[in-house]
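I have placed the structure first, in the form of structure tokens, so that the comments after it can refer back to it.
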Amino acid sequence: MSPEYVDLSQPLDENVQIYPGDPAFSCCPVQTIEKDGINLHQISLGSHTGTHVDAPYHFVQDGARIDTIPLASFVGNAVIIDVTSKNARETINWADISSYEDTIRRKAAQPHGVFVLLNTGWSRHWQSDMYFEHPFLAGDACQRLVDLGVKLVGVDTLSPDETRVDGSMPDFDAHHIVLGAGVLIAENLTNLEAIRSGDWLVSLAPLKLKGCDGSPVRAFAWRTGHEPDVSTRGTTP
């Protein structure tokens, strides 16, 4: 029986939600089968467009760049933190995560280590103004996750920090603490509710963009230690 895969990626199209100030996304045909015998597109996007991974170099001048990070860093055992009770612009504190500490420790000791993925449920607001109003991680929660040895912190929002649309800048505590410790960040994940139960491995392999601070990814998960469920969850990559 084939493994069960779950797609955790937002689509890249003309409606992709962009962090304020980031480059716009475009994907335009430059050759067509009708005129040229082949289909070929030109793509333009920022390094943090859609579902993507942040390398430490995003916030740390001498931090690791996306092409220098070992591939093993982009595969991990998922721990899904349910914070769907959080409201717009509400802070996610360590008290909201602490009940998962034993599970995080256990999976951190397993082969592939652990990815902590926060399921705020905010991906349901994708392509709406409400998507900018997401909950965000407190600095103390980020530090505790780093201390537990997580490989990556992922969110189903634009950022683990507050997103502001008035032109002001947040303090970026989450980015500074997590990336400053050499831990990766994944943003704009979706469909995390599909992998709440059971044991799952997640892949967030980036493009090999030399010297870059991050990369779009095709995020997906597959079950470990269980026969695949015959139900359909997400899109098979």
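Just so we're on the same page: first chain in the structure tokens is A, next is B, and so on; residues restart at 1 for each chain, and ligands are numbered from 1 in the order they show up.
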
Enumerate, in order of chain and increasing residue number, the residues of range 41-107 of chain A with an atom no farther than 9 Å from range 121-125 of chain A, each with its shortest atom pair and distance in Å to one decimal, counting only C-alpha atoms, as a Markdown table.
| residue | atom | partner | partner_atom | distance |
| --- | --- | --- | --- | --- |
| A:Asp82 | CA | A:Gly121 | CA | 8.6 |
| A:Val83 | CA | A:Gly121 | CA | 7.8 |
| A:Thr84 | CA | A:Gly121 | CA | 5.4 |
| A:Ser85 | CA | A:Gly121 | CA | 8.7 |
| A:Lys86 | CA | A:Gly121 | CA | 9.0 |

Could you write out that same residue set with C-alpha atoms as a CSV table (one decimal), in the first residue's frame?
chain,number,residue,atom,x,y,z
A,82,ASP,CA,-3.3,23.3,19.0
A,83,VAL,CA,-3.7,27.0,19.6
A,84,THR,CA,-6.9,27.4,17.6
A,85,SER,CA,-8.5,29.1,20.6
A,86,LYS,CA,-6.4,32.2,20.0

- Among the residues of chain A, find those DSSP assigns to helix (DSSP H, G or I) from the backbone and print them as a PyMOL selection string. chain A and resi 33-36+56-58+66-68+71-74+94-96+98-108+122-125+129-133+139-147+173-180+192-195

- Item | Within 9 Å of Pro135 in chain A using only C-alpha atoms, minus same-chain residues under 4 positions, as a PyMOL selection string | chain A and resi 86-92+120+122+157+160-162

If we count only C-alpha atoms and set the cut-off at 12 Å, which residues sit around range 10-18 of chain A, ignoring sequence neighbours fewer than 3 positions away in its own chain? Please answer as a CSV table (one decimal) with N, CA, C and O atoms, in the first residue's frame.
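Okay, this is what ended up in around.csv:
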chain,number,residue,atom,x,y,z
A,7,ASP,N,-0.5,17.4,1.9
A,7,ASP,CA,0.0,18.6,1.4
A,7,ASP,C,-0.1,19.7,2.5
A,7,ASP,O,-1.3,20.0,2.9
A,21,GLY,N,5.4,44.8,2.0
A,21,GLY,CA,6.7,45.2,1.5
A,21,GLY,C,7.5,44.2,0.7
A,21,GLY,O,8.5,44.6,0.0
A,22,ASP,N,7.1,43.0,0.7
A,22,ASP,CA,7.8,41.9,-0.1
A,22,ASP,C,7.5,42.1,-1.6
A,22,ASP,O,6.4,42.6,-2.0
A,23,PRO,N,8.4,41.5,-2.4
A,23,PRO,CA,8.1,41.5,-3.9
A,23,PRO,C,6.8,40.8,-4.2
A,23,PRO,O,6.5,39.7,-3.6
A,24,ALA,N,6.2,41.2,-5.3
A,24,ALA,CA,5.0,40.5,-5.7
A,24,ALA,C,5.4,39.3,-6.5
A,24,ALA,O,6.5,39.1,-7.0
A,25,PHE,N,4.4,38.3,-6.5
A,25,PHE,CA,4.6,37.1,-7.2
A,25,PHE,C,4.0,37.2,-8.6
A,25,PHE,O,2.9,37.8,-8.8
A,26,SER,N,4.7,36.6,-9.6
A,26,SER,CA,4.1,36.5,-11.0
A,26,SER,C,4.6,35.2,-11.6
A,26,SER,O,5.8,34.8,-11.3
A,27,CYS,N,3.8,34.6,-12.4
A,27,CYS,CA,4.1,33.5,-13.2
A,27,CYS,C,3.5,33.6,-14.5
A,27,CYS,O,2.2,33.4,-14.7
A,28,CYS,N,4.3,34.0,-15.6
A,28,CYS,CA,3.7,34.4,-16.8
A,28,CYS,C,4.2,33.5,-18.0
A,28,CYS,O,5.4,33.2,-18.0
A,43,ILE,N,9.0,33.1,-13.9
A,43,ILE,CA,8.5,33.2,-12.5
A,43,ILE,C,9.3,34.3,-11.8
A,43,ILE,O,10.6,34.4,-11.9
A,44,SER,N,8.6,35.2,-11.1
A,44,SER,CA,9.3,36.2,-10.3
A,44,SER,C,8.6,36.2,-8.9
A,44,SER,O,7.4,36.2,-8.8
A,45,LEU,N,9.5,36.1,-7.9
A,45,LEU,CA,9.0,36.1,-6.5
A,45,LEU,C,10.1,36.4,-5.5
A,45,LEU,O,11.2,36.3,-5.8
A,46,GLY,N,9.7,36.7,-4.3
A,46,GLY,CA,10.6,36.9,-3.2
A,46,GLY,C,11.0,35.6,-2.6
A,46,GLY,O,10.3,34.6,-2.8
A,47,SER,N,12.0,35.6,-1.8
A,47,SER,CA,12.5,34.4,-1.2
A,47,SER,C,11.6,33.9,-0.1
A,47,SER,O,11.8,32.8,0.4
A,48,HIS,N,10.6,34.7,0.3
A,48,HIS,CA,9.7,34.4,1.4
A,48,HIS,C,8.3,34.4,0.9
A,48,HIS,O,7.4,34.8,1.7
A,49,THR,N,8.1,34.0,-0.3
A,49,THR,CA,6.7,33.9,-0.9
A,49,THR,C,6.1,32.6,-0.6
A,49,THR,O,6.7,31.6,-0.8
A,50,GLY,N,4.8,32.7,-0.3
A,50,GLY,CA,4.0,31.4,-0.1
A,50,GLY,C,4.6,30.6,1.1
A,50,GLY,O,5.2,31.2,2.0
A,51,THR,N,4.3,29.3,1.1
A,51,THR,CA,4.9,28.5,2.1
A,51,THR,C,6.4,28.4,1.9
A,51,THR,O,6.9,28.0,0.8
A,52,HIS,N,7.1,28.7,2.9
A,52,HIS,CA,8.6,28.9,2.8
A,52,HIS,C,9.3,28.6,4.1
A,52,HIS,O,8.7,28.6,5.2
A,123,SER,N,-4.9,29.7,8.7
A,123,SER,CA,-4.8,29.4,7.2
A,123,SER,C,-6.2,29.5,6.6
A,123,SER,O,-6.3,29.7,5.3
A,124,ARG,N,-7.3,29.4,7.3
A,124,ARG,CA,-8.6,29.6,6.8
A,124,ARG,C,-8.9,31.0,6.3
A,124,ARG,O,-9.8,31.2,5.5
A,125,HIS,N,-8.0,31.9,6.8
A,125,HIS,CA,-8.2,33.3,6.3
A,125,HIS,C,-7.3,33.7,5.2
A,125,HIS,O,-7.2,34.9,4.8
A,126,TRP,N,-6.6,32.7,4.6
A,126,TRP,CA,-5.7,33.0,3.4
A,126,TRP,C,-6.4,33.7,2.4
A,126,TRP,O,-7.6,33.4,2.1
A,127,GLN,N,-5.8,34.7,1.8
A,127,GLN,CA,-6.3,35.6,0.7
A,127,GLN,C,-7.4,36.5,1.2
A,127,GLN,O,-8.3,37.0,0.5
A,128,SER,N,-7.3,36.9,2.5
A,128,SER,CA,-8.2,37.9,3.1
A,128,SER,C,-7.4,38.8,4.0
A,128,SER,O,-6.3,38.5,4.4
A,129,ASP,N,-8.0,40.0,4.2
A,129,ASP,CA,-7.3,40.9,5.1
A,129,ASP,C,-7.1,40.4,6.5
A,129,ASP,O,-6.2,40.7,7.2
A,130,MET,N,-8.0,39.5,6.9
A,130,MET,CA,-7.9,38.9,8.3
A,130,MET,C,-6.7,38.1,8.4
A,130,MET,O,-6.2,37.9,9.6
A,131,TYR,N,-6.1,37.6,7.3
A,131,TYR,CA,-4.8,36.8,7.4
A,131,TYR,C,-3.7,37.6,8.1
A,131,TYR,O,-2.8,37.0,8.7
A,132,PHE,N,-3.7,38.9,8.0
A,132,PHE,CA,-2.7,39.8,8.6
A,132,PHE,C,-2.9,39.9,10.1
A,132,PHE,O,-2.0,40.4,10.8
A,156,ASP,N,1.1,28.4,10.7
A,156,ASP,CA,0.1,28.5,9.6
A,156,ASP,C,-0.3,30.0,9.4
A,156,ASP,O,-1.5,30.3,9.1
A,157,THR,N,0.6,30.9,9.5
A,157,THR,CA,0.4,32.3,9.5
A,157,THR,C,1.5,33.0,8.6
A,157,THR,O,2.5,32.3,8.3
A,158,LEU,N,1.4,34.3,8.4
A,158,LEU,CA,2.5,35.0,7.7
A,158,LEU,C,3.8,35.0,8.4
A,158,LEU,O,4.9,35.1,7.8
A,159,SER,N,3.7,34.9,9.8
A,159,SER,CA,5.0,35.1,10.6
A,159,SER,C,4.7,34.6,12.0
A,159,SER,O,3.6,34.6,12.4
A,163,THR,N,2.3,40.7,12.6
A,163,THR,CA,2.4,41.4,11.3
A,163,THR,C,1.7,42.7,11.3
A,163,THR,O,0.5,42.7,11.7
A,165,VAL,N,0.4,46.3,9.3
A,165,VAL,CA,0.1,46.8,8.0
A,165,VAL,C,0.1,48.3,8.0
A,165,VAL,O,-0.2,48.9,6.9
A,187,GLU,N,6.8,29.3,7.5
A,187,GLU,CA,5.7,30.2,7.5
A,187,GLU,C,4.7,29.8,6.4
A,187,GLU,O,5.0,29.2,5.4
A,188,ASN,N,3.4,30.2,6.6
A,188,ASN,CA,2.4,30.0,5.6
A,188,ASN,C,2.1,28.5,5.4
A,188,ASN,O,1.8,28.1,4.2
A,189,LEU,N,2.2,27.7,6.4
A,189,LEU,CA,1.8,26.3,6.3
A,189,LEU,C,0.2,26.3,6.3
A,189,LEU,O,-0.4,27.2,6.7
A,190,THR,N,-0.3,25.1,5.9
A,190,THR,CA,-1.7,25.0,5.9
A,190,THR,C,-2.0,23.5,6.1
A,190,THR,O,-1.1,22.6,6.1
A,191,ASN,N,-3.3,23.2,6.4
A,191,ASN,CA,-3.8,21.8,6.6
A,191,ASN,C,-3.1,21.1,7.8
A,191,ASN,O,-3.1,19.9,7.8
A,192,LEU,N,-2.7,21.8,8.8
A,192,LEU,CA,-2.0,21.2,9.9
A,192,LEU,C,-3.0,20.3,10.7
A,192,LEU,O,-2.6,19.4,11.4
A,216,PRO,N,11.0,29.3,-1.0
A,216,PRO,CA,9.7,28.6,-1.0
A,216,PRO,C,9.9,27.1,-1.0
A,216,PRO,O,11.0,26.6,-1.4
A,217,VAL,N,9.0,26.4,-0.4
A,217,VAL,CA,9.1,24.9,-0.3
A,217,VAL,C,7.7,24.3,-0.7
A,217,VAL,O,6.7,25.0,-0.7
A,218,ARG,N,7.8,23.0,-1.1
A,218,ARG,CA,6.5,22.2,-1.2
A,218,ARG,C,6.5,21.4,0.1
A,218,ARG,O,7.1,20.3,0.2
A,219,ALA,N,5.8,21.9,1.1
A,219,ALA,CA,5.7,21.2,2.4
A,219,ALA,C,4.7,20.1,2.3
A,219,ALA,O,3.6,20.2,1.8
A,220,PHE,N,5.1,18.9,2.9
A,220,PHE,CA,4.2,17.8,2.9
A,220,PHE,C,4.6,16.9,4.1
A,220,PHE,O,5.7,16.9,4.6
A,234,GLY,N,-5.8,16.4,2.0
A,234,GLY,CA,-4.9,17.3,1.3
A,234,GLY,C,-4.7,16.7,-0.1
A,234,GLY,O,-5.4,15.9,-0.6
A,235,THR,N,-3.6,17.2,-0.8
A,235,THR,CA,-3.3,16.9,-2.2
A,235,THR,C,-2.0,16.0,-2.2
A,235,THR,O,-1.1,16.4,-1.6

- Can you work out which one of A:Lys208, A:Lys35, A:Lys151, A:Lys107 has the shortest atom-to-atom distance to Val183 in chain A, counting only C-alpha atoms? A:Lys151

- Item | Residue nearest Val146 in chain A - candidates A:Asp171, A:Asp67, A:Asp166, A:Glu101, atoms counted: only C-alpha atoms | A:Glu101

- Item | A:Phe136, A:Tyr19, A:Phe74, A:Tyr57 ranked by distance to Trp94 in chain A, top pick (using only C-alpha atoms) | A:Phe136

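Straight-line separation from CA of Cys142 in chain A to CA of Arg223 in chain A: 26.7 Å.
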
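Take CA of Gly198 in chain A and CA of Ser2 in chain A: the distance between them is 17.1 Å.
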